[in-house]
>>> print(open('structure14.cif').read())   # mmCIF, C-alpha atoms and all ligand atoms
data_structure
#
loop_
_atom_site.label_atom_id
_atom_site.label_comp_id
_atom_site.auth_asym_id
_atom_site.auth_seq_id
_atom_site.Cartn_x
_atom_site.Cartn_y
_atom_site.Cartn_z
CA MET A 541 -58.16 -38.25 -31.62
CA THR A 542 -54.91 -36.21 -31.81
CA MET A 543 -52.77 -36.23 -34.98
CA VAL A 544 -49.88 -37.97 -33.15
CA TYR A 545 -52.14 -40.72 -31.93
CA LYS A 546 -53.65 -41.14 -35.40
CA ARG A 547 -50.20 -41.46 -36.98
CA ARG A 548 -49.15 -44.08 -34.40
CA LEU A 549 -52.30 -46.04 -35.00
CA TRP A 550 -51.74 -45.94 -38.78
CA THR A 551 -48.07 -47.07 -38.43
CA GLY A 552 -49.19 -49.87 -36.14
CA LEU A 553 -51.79 -50.98 -38.65
CA GLN A 554 -49.23 -50.98 -41.45
CA ARG A 555 -46.86 -53.16 -39.38
CA LEU A 556 -49.65 -55.52 -38.44
CA SER A 557 -50.79 -55.87 -42.03
CA GLY A 558 -47.25 -56.71 -43.23
CA GLY A 559 -47.68 -54.61 -46.34
CA MET A 560 -51.30 -55.54 -47.01
CA ILE A 561 -52.29 -51.91 -46.44
CA LYS A 562 -50.66 -51.01 -49.80
CA VAL A 563 -53.23 -53.03 -51.66
CA PHE A 564 -56.09 -51.61 -49.60
CA PRO A 565 -57.37 -49.11 -52.23
CA TYR A 566 -57.51 -51.94 -54.81
CA VAL A 567 -59.38 -54.23 -52.42
CA ARG A 568 -61.86 -51.44 -51.68
CA ALA A 569 -62.48 -50.72 -55.37
CA GLN A 570 -63.12 -54.41 -55.98
CA THR A 571 -65.52 -54.60 -53.05
CA SER A 572 -67.63 -51.62 -54.13
CA GLU A 573 -67.82 -52.96 -57.72
CA SER A 574 -68.97 -56.40 -56.69
CA ALA A 575 -71.28 -54.94 -54.02
CA MET A 576 -73.61 -53.89 -56.84
CA SER A 577 -76.46 -56.35 -57.18
CA LYS A 578 -77.42 -57.80 -60.55
CA GLU A 579 -80.54 -55.65 -60.48
CA GLN A 580 -78.44 -52.53 -59.92
CA ARG A 581 -76.16 -53.55 -62.81
CA VAL A 582 -79.20 -53.85 -65.10
CA LEU A 583 -80.44 -50.44 -63.93
CA GLN A 584 -77.04 -48.88 -64.57
CA TYR A 585 -76.95 -50.45 -68.04
CA VAL A 586 -80.40 -49.02 -68.78
CA GLN A 587 -79.42 -45.55 -67.53
CA GLN A 588 -76.35 -45.62 -69.79
CA ASN A 589 -77.94 -47.17 -72.89
CA ALA A 590 -81.66 -46.32 -73.03
CA SER A 591 -83.37 -42.98 -73.59
CA ARG A 592 -85.00 -41.33 -70.58
CA GLY A 593 -88.78 -41.19 -70.99
CA ASP A 594 -88.84 -43.88 -73.70
CA PRO A 595 -90.28 -47.15 -72.25
CA ASP A 596 -89.51 -49.18 -75.38
CA SER A 597 -85.84 -48.24 -75.22
CA VAL A 598 -85.78 -49.28 -71.54
CA LEU A 599 -87.31 -52.68 -72.39
CA ALA A 600 -84.87 -53.15 -75.26
CA ALA A 601 -81.90 -52.38 -72.99
CA VAL A 602 -83.10 -54.76 -70.24
CA ASP A 603 -83.61 -57.50 -72.85
CA LYS A 604 -80.20 -56.92 -74.45
CA PHE A 605 -78.58 -57.23 -71.01
CA GLY A 606 -80.60 -60.40 -70.34
CA TRP A 607 -79.68 -62.06 -73.63
CA GLU A 608 -76.04 -60.98 -73.83
CA THR A 609 -74.71 -60.28 -70.34
CA GLU A 610 -76.58 -61.79 -67.38
CA TRP A 611 -79.78 -63.80 -67.23
CA ALA A 612 -82.55 -62.25 -65.12
CA MET A 613 -86.05 -63.40 -64.20
CA ASN A 614 -87.90 -60.78 -66.27
CA LEU A 615 -90.78 -61.84 -68.50
CA GLY A 616 -88.51 -61.09 -71.47
CA ASP A 617 -89.24 -59.99 -75.00
CA VAL A 618 -90.57 -63.28 -76.42
CA LYS A 619 -93.29 -63.97 -73.83
CA GLY A 620 -93.58 -60.19 -73.49
CA ALA A 621 -94.97 -59.98 -77.03
CA ILE A 622 -97.74 -62.44 -76.06
CA LEU A 623 -98.58 -60.45 -72.91
CA ASP A 624 -98.66 -57.26 -75.01
CA ARG A 625 -101.33 -58.86 -77.20
CA PHE A 626 -103.45 -59.87 -74.17
CA VAL A 627 -103.18 -56.38 -72.66
CA LYS A 628 -104.18 -54.71 -75.94
CA GLU A 629 -107.14 -57.10 -76.40
CA THR A 630 -108.35 -56.61 -72.82
CA ALA A 631 -107.67 -52.85 -72.57
CA PRO A 632 -108.01 -52.99 -68.77
CA GLN A 633 -109.03 -49.96 -66.75
CA THR A 634 -108.00 -51.67 -63.51
CA MET A 635 -105.05 -54.05 -63.44
CA LEU A 636 -102.93 -55.79 -60.81
CA GLU A 637 -99.47 -57.35 -61.15
CA LEU A 638 -98.12 -59.78 -58.54
CA GLY A 639 -94.28 -59.65 -58.57
CA THR A 640 -92.67 -56.41 -59.78
CA TYR A 641 -89.00 -57.46 -59.53
CA MET A 642 -87.09 -54.64 -61.31
CA GLY A 643 -90.17 -53.30 -63.11
CA TYR A 644 -89.71 -54.82 -66.57
CA SER A 645 -93.19 -56.30 -67.04
CA ALA A 646 -94.78 -53.33 -65.23
CA ILE A 647 -93.21 -51.03 -67.83
CA ARG A 648 -94.33 -53.38 -70.63
CA ILE A 649 -97.89 -53.31 -69.35
CA ALA A 650 -98.14 -49.62 -68.38
CA ARG A 651 -96.93 -48.39 -71.77
CA LEU A 652 -100.00 -50.04 -73.36
CA LEU A 653 -102.64 -48.89 -70.88
CA PRO A 654 -104.94 -45.92 -71.38
CA GLU A 655 -103.90 -42.87 -69.32
CA THR A 656 -107.01 -43.28 -67.18
CA ALA A 657 -106.14 -46.84 -66.15
CA LYS A 658 -105.29 -47.78 -62.58
CA PHE A 659 -102.35 -50.21 -62.51
CA MET A 660 -100.93 -51.58 -59.28
CA THR A 661 -97.84 -53.78 -58.97
CA VAL A 662 -96.81 -55.57 -55.77
CA GLU A 663 -93.29 -56.50 -54.62
CA PHE A 664 -92.20 -57.50 -51.12
CA ASP A 665 -88.44 -57.20 -51.58
CA GLN A 666 -87.39 -53.65 -50.66
CA GLU A 667 -84.25 -53.68 -52.82
CA ASN A 668 -86.08 -54.96 -55.91
CA ALA A 669 -88.81 -52.37 -55.33
CA ALA A 670 -86.20 -49.59 -55.09
CA VAL A 671 -84.59 -50.64 -58.40
CA ALA A 672 -88.05 -50.87 -60.00
CA ARG A 673 -88.84 -47.35 -58.79
CA GLU A 674 -85.78 -45.95 -60.55
CA MET A 675 -86.39 -48.06 -63.68
CA ILE A 676 -90.03 -46.91 -63.89
CA GLU A 677 -89.03 -43.29 -63.26
CA PHE A 678 -86.37 -43.52 -66.01
CA ALA A 679 -89.05 -44.88 -68.38
CA GLY A 680 -91.22 -41.88 -67.46
CA LEU A 681 -94.09 -44.04 -66.20
CA GLN A 682 -93.99 -43.10 -62.49
CA ASN A 683 -97.45 -41.48 -62.70
CA ARG A 684 -98.98 -44.51 -64.41
CA ILE A 685 -97.88 -47.27 -62.00
CA ILE A 686 -98.83 -47.64 -58.34
CA GLN A 687 -95.98 -49.52 -56.69
CA ILE A 688 -96.93 -51.37 -53.51
CA THR A 689 -94.08 -52.73 -51.39
CA SER A 690 -95.65 -55.52 -49.39
CA ASP A 691 -96.56 -59.22 -49.42
CA THR A 692 -99.31 -59.99 -51.91
CA ALA A 693 -101.13 -61.99 -49.23
CA ASP A 694 -101.49 -58.78 -47.21
CA VAL A 695 -102.25 -56.48 -50.15
CA ILE A 696 -104.99 -58.49 -51.91
CA PRO A 697 -107.46 -58.32 -48.97
CA GLN A 698 -106.83 -54.53 -48.76
CA LEU A 699 -107.41 -53.72 -52.45
CA LYS A 700 -111.07 -52.73 -52.02
CA THR A 701 -110.66 -50.73 -48.83
CA LYS A 702 -107.18 -49.21 -49.13
CA TYR A 703 -106.78 -48.96 -52.93
CA ASP A 704 -110.38 -48.27 -53.89
CA VAL A 705 -110.66 -51.22 -56.29
CA GLU A 706 -114.14 -52.52 -57.13
CA THR A 707 -113.08 -55.44 -59.33
CA LEU A 708 -110.05 -56.11 -61.53
CA ASP A 709 -110.21 -56.25 -65.34
CA MET A 710 -106.85 -57.98 -65.63
CA VAL A 711 -104.24 -59.63 -63.41
CA PHE A 712 -100.67 -60.65 -64.24
CA ILE A 713 -99.30 -63.30 -61.87
CA ASP A 714 -95.51 -63.62 -61.84
CA HIS A 715 -94.27 -63.85 -58.23
CA TRP A 716 -93.12 -67.03 -56.45
CA LYS A 717 -94.68 -70.01 -58.16
CA ASP A 718 -95.78 -71.80 -54.97
CA VAL A 719 -98.16 -68.98 -54.03
CA TYR A 720 -99.97 -68.62 -57.38
CA VAL A 721 -102.85 -70.87 -56.19
CA ARG A 722 -103.06 -69.20 -52.78
CA ASP A 723 -103.31 -65.77 -54.40
CA ILE A 724 -105.81 -66.56 -57.16
CA LYS A 725 -108.01 -68.04 -54.42
CA LEU A 726 -107.50 -64.85 -52.38
CA LEU A 727 -108.59 -62.80 -55.40
CA GLU A 728 -111.72 -64.95 -55.65
CA THR A 729 -112.66 -64.87 -51.95
CA ASN A 730 -112.10 -61.11 -51.77
CA LYS A 731 -114.50 -60.75 -54.73
CA LEU A 732 -111.95 -58.94 -56.89
CA LEU A 733 -112.72 -60.99 -60.03
CA ARG A 734 -115.80 -60.36 -62.17
CA LYS A 735 -117.20 -62.18 -65.18
CA GLY A 736 -114.59 -61.69 -67.91
CA THR A 737 -111.57 -60.78 -65.71
CA VAL A 738 -108.46 -61.95 -67.57
CA VAL A 739 -105.82 -63.61 -65.37
CA VAL A 740 -102.47 -64.26 -67.06
CA ALA A 741 -99.79 -66.31 -65.28
CA ASP A 742 -96.14 -66.64 -66.30
CA ASN A 743 -93.70 -69.56 -65.99
CA ILE A 744 -96.27 -72.33 -66.26
CA ILE A 745 -93.58 -74.79 -67.49
CA LYS A 746 -90.31 -73.28 -66.24
CA PRO A 747 -89.65 -73.03 -63.31
CA GLY A 748 -93.22 -74.39 -63.43
CA ALA A 749 -96.55 -73.82 -61.73
CA PRO A 750 -98.25 -77.24 -62.18
CA GLU A 751 -100.65 -76.90 -59.23
CA TYR A 752 -101.83 -73.54 -60.54
CA ALA A 753 -102.29 -74.90 -64.09
CA GLU A 754 -104.26 -77.84 -62.71
CA TYR A 755 -106.41 -75.50 -60.58
CA VAL A 756 -107.42 -73.01 -63.28
CA ARG A 757 -108.01 -75.76 -65.85
CA THR A 758 -110.16 -78.00 -63.66
CA CYS A 759 -111.92 -75.91 -60.98
CA GLY A 760 -114.71 -74.90 -63.37
CA LYS A 761 -114.41 -71.18 -62.68
CA TYR A 762 -112.26 -70.24 -65.69
CA ASP A 763 -111.94 -70.69 -69.43
CA SER A 764 -108.23 -71.38 -69.50
CA THR A 765 -105.75 -71.67 -72.36
CA PHE A 766 -102.01 -72.34 -72.44
CA HIS A 767 -99.83 -70.23 -74.73
CA GLU A 768 -96.53 -71.94 -75.41
CA SER A 769 -93.38 -69.90 -75.76
CA ARG A 770 -89.75 -69.95 -74.58
CA PHE A 771 -88.30 -69.34 -71.12
CA GLU A 772 -86.93 -65.80 -70.71
CA TYR A 773 -83.63 -65.24 -72.55
CA SER A 774 -83.46 -68.85 -73.79
CA ASN A 775 -83.89 -70.20 -77.31
CA ASP A 776 -84.24 -73.77 -76.10
CA ASP A 777 -86.26 -74.10 -72.92
CA ILE A 778 -90.02 -74.32 -73.29
CA ASP A 779 -92.20 -72.14 -71.09
CA GLY A 780 -95.53 -70.40 -71.54
CA LEU A 781 -98.33 -68.23 -70.22
CA GLU A 782 -101.71 -69.42 -68.97
CA LYS A 783 -104.60 -67.10 -69.80
CA SER A 784 -107.66 -67.74 -67.65
CA VAL A 785 -110.91 -65.84 -68.10
CA PHE A 786 -113.10 -65.82 -64.97
CA ARG A 787 -116.61 -67.13 -65.66
CA GLY A 788 -118.20 -65.08 -62.88
C1 LIG B 801 -90.15 -63.47 -61.45
S1 LIG B 801 -89.96 -62.01 -60.53
C2 LIG B 801 -91.10 -60.90 -61.30
C3 LIG B 801 -90.68 -60.50 -62.69
C4 LIG B 801 -91.48 -59.37 -63.27
N1 LIG B 801 -92.90 -59.67 -63.26
C5 LIG B 801 -91.04 -59.09 -64.69
O1 LIG B 801 -91.33 -59.93 -65.55
O2 LIG B 801 -90.41 -58.08 -64.92
C6 LIG B 801 -90.81 -62.40 -59.01
C7 LIG B 801 -90.82 -61.27 -57.99
O3 LIG B 801 -91.89 -61.52 -57.08
C8 LIG B 801 -91.50 -61.13 -55.80
N2 LIG B 801 -92.37 -61.87 -54.86
C9 LIG B 801 -92.40 -63.22 -54.67
N3 LIG B 801 -93.36 -63.55 -53.81
C10 LIG B 801 -93.97 -62.40 -53.43
C11 LIG B 801 -95.05 -62.09 -52.55
N4 LIG B 801 -95.70 -63.05 -51.88
N5 LIG B 801 -95.41 -60.80 -52.40
C12 LIG B 801 -94.77 -59.81 -53.09
N6 LIG B 801 -93.74 -60.06 -53.94
C13 LIG B 801 -93.35 -61.33 -54.12
C14 LIG B 801 -90.02 -61.50 -55.71
O4 LIG B 801 -89.35 -60.77 -54.72
C15 LIG B 801 -89.55 -61.18 -57.14
O5 LIG B 801 -89.02 -59.88 -57.22
MG MG B 802 -91.81 -64.82 -64.86
#
>>> encode(input="structure14.cif", output="structure tokens", more="lines below")
Ligand SMILES: C[S@@+](CC[C@H](N)C(=O)[O-])C[C@H]1O[C@@H](n2cnc3c(N)ncnc32)[C@H](O)[C@@H]1O
Ligand SMILES: [Mg+2]
Amino acid sequence: MTMVYKRRLWTGLQRLSGGMIKVFPYVRAQTSESAMSKEQRVLQYVQQNASRGDPDSVLAAVDKFGWETEWAMNLGDVKGAILDRFVKETAPQTMLELGTYMGYSAIRIARLLPETAKFMTVEFDQENAAVAREMIEFAGLQNRIIQITSDTADVIPQLKTKYDVETLDMVFIDHWKDVYVRDIKLLETNKLLRKGTVVVADNIIKPGAPEYAEYVRTCGKYDSTFHESRFEYSNDDIDGLEKSVFRG
């Protein structure tokens, strides 16, 4: 396009816009600001406020953002302390997480695992997985977490063949609540649970996973206990974790 033609086109646009063109840079700045997703805003907050290579400072920054700025569906610090206890007690060598989101609980878990442990976390949303990758890398745990970007229903049947898993010592279930039952049954039928495998599930009360709670408490395959707590970043709403130990 020649310069003359470009200038004519620009003048024409200005006339057509009736002056709107003057505010164009402002409109563009607004658009690029708001084009950031919540998950990207959390990541940016972490990068600006936490210390690189320090997982605890990353968790603290994510939690501060969740309590003070914008709610997000992370496990959070209150239920997180309960999960920490379960992970320390179990000391798993092989662990699976269903639902990575932006990597908060994966970082919580990985920071407590022995260096030799194999820890896989599954997320099917590409954008969430990309944020988690940066969050995990910032925490310095990229060599301790195997991120799998796929649907859990496809990954679980491939764990033995593609990911060289014999059985799992521990599972953390925290993806969409209506597939908890489907996936624990998939873990069973694919023979990934052994006597003593600890399965912990989040959000039993809020948003709620009643069918799952009913299943693990009544099917006869688990010793299951409910651990009451509060919903993430809320002082009022009751929630809790279900810990179910496979009987084998
Ligand atoms: C509640 S968030 C996970 C929070 C995370 N565990 C934490 O506490 O930091 C649930 C995540 O599971 C993902 N998800 C839901 N169903 C899934 C499925 N069938 N396969 C893989 N990921 C799934 C969603 O995209 C979402 O990012
Ligand atoms: Mg949750």
>>> closest_atom_pairs(input="structure14.cif", of="chain A", to="ligand MG 802 (chain B)", cutoff="10 Å", atoms="only C-alpha atoms and all ligand atoms", output="CSV")
residue,atom,partner,partner_atom,distance
A:Ala612,CA,B:MG802,MG,9.6
A:Met613,CA,B:MG802,MG,6.0
A:Asn614,CA,B:MG802,MG,5.8
A:Leu615,CA,B:MG802,MG,4.8
A:Gly616,CA,B:MG802,MG,8.3
A:Lys619,CA,B:MG802,MG,9.1
A:Gly620,CA,B:MG802,MG,10.0
A:Gly639,CA,B:MG802,MG,8.5
A:Thr640,CA,B:MG802,MG,9.9
A:Tyr641,CA,B:MG802,MG,9.5
A:Ser645,CA,B:MG802,MG,8.9
A:Phe712,CA,B:MG802,MG,9.8
A:Ile713,CA,B:MG802,MG,8.2
A:Asp714,CA,B:MG802,MG,4.9
A:His715,CA,B:MG802,MG,7.1
A:Trp716,CA,B:MG802,MG,8.8
A:Lys717,CA,B:MG802,MG,8.9
A:Ala741,CA,B:MG802,MG,8.1
A:Asp742,CA,B:MG802,MG,4.9
A:Asn743,CA,B:MG802,MG,5.2
A:Ile744,CA,B:MG802,MG,8.8
A:Lys746,CA,B:MG802,MG,8.7
A:Pro747,CA,B:MG802,MG,8.6
A:Gly748,CA,B:MG802,MG,9.8
A:Phe771,CA,B:MG802,MG,8.5
A:Glu772,CA,B:MG802,MG,7.7
A:Asp779,CA,B:MG802,MG,9.6
A:Gly780,CA,B:MG802,MG,9.5
A:Leu781,CA,B:MG802,MG,9.1
>>> closest_residue(input="structure14.cif", among="A:Leu638, A:Gln633, A:Val618, A:Val739", to="Ile778 (chain A)", atoms="only C-alpha atoms")
A:Val618
>>> residues_around(input="structure14.cif", residues="Phe786 (chain A)", least_positions_apart="3", cutoff="7 Å", atoms="only C-alpha atoms", output="list in words")
Leu733, Arg734, Lys735, Gly736, Thr737, Val738, Lys761, Tyr762 and Asp763 of chain A
>>> closest_residue(input="structure14.cif", among="A:Tyr720, A:Phe659, A:Phe626, A:Phe664", to="ligand LIG 801 (chain B)", atoms="all atoms listed in the file")
A:Phe664
>>> axis_aligned_box(input="structure14.cif", around="ligand LIG 801 (chain B)", padding_each_side="3 Å", output="lines of an AutoDock Vina configuration file")
center_x = -92.4
center_y = -60.8
center_z = -58.7
size_x = 12.7
size_y = 11.5
size_z = 19.7
>>> closest_residue(input="structure14.cif", among="A:Val785, A:Ile686, A:Ile724, A:Val627", to="Leu653 (chain A)", atoms="all atoms listed in the file")
A:Val627
>>> closest_residue(input="structure14.cif", among="A:Arg787, A:His767, A:Lys702, A:Lys578", to="Glu728 (chain A)", atoms="all atoms listed in the file")
A:Arg787
>>> closest_residue(input="structure14.cif", among="A:Met675, A:Val662, A:Ala753, A:Ile685", to="Asp718 (chain A)", atoms="all atoms listed in the file")
A:Ala753
>>> atom_distance(input="structure14.cif", atom1="CA of Val586 (chain A)", atom2="CA of Ile649 (chain A)")
18.0 Å
>>> residues_around(input="structure14.cif", residues="Gln687 (chain A)", least_positions_apart="4", cutoff="9 Å", atoms="all atoms listed in the file", output="ChimeraX atom specification")
/A:640,659-663,669,672-673,682
>>> closest_residue(input="structure14.cif", among="A:Gln587, A:Lys604, A:Glu768, A:Ser784", to="Glu754 (chain A)", atoms="only C-alpha atoms")
A:Ser784
>>> residues_around(input="structure14.cif", residues="region 590-597 of chain A", least_positions_apart="4", cutoff="7 Å", atoms="only C-alpha atoms", output="ChimeraX atom specification")
/A:586,601,647,651,678-680
>>> write_last_selection(input="structure14.cif", atoms="C-alpha atoms", output="tab-separated table (two decimals), in the coordinates of the input")
chain	number	residue	atom	x	y	z
A	586	VAL	CA	-80.40	-49.02	-68.78
A	601	ALA	CA	-81.90	-52.38	-72.99
A	647	ILE	CA	-93.21	-51.03	-67.83
A	651	ARG	CA	-96.93	-48.39	-71.77
A	678	PHE	CA	-86.37	-43.52	-66.01
A	679	ALA	CA	-89.05	-44.88	-68.38
A	680	GLY	CA	-91.22	-41.88	-67.46
>>> atom_distance(input="structure14.cif", atom1="CA of Ala575 (chain A)", atom2="CA of Phe605 (chain A)")
18.6 Å
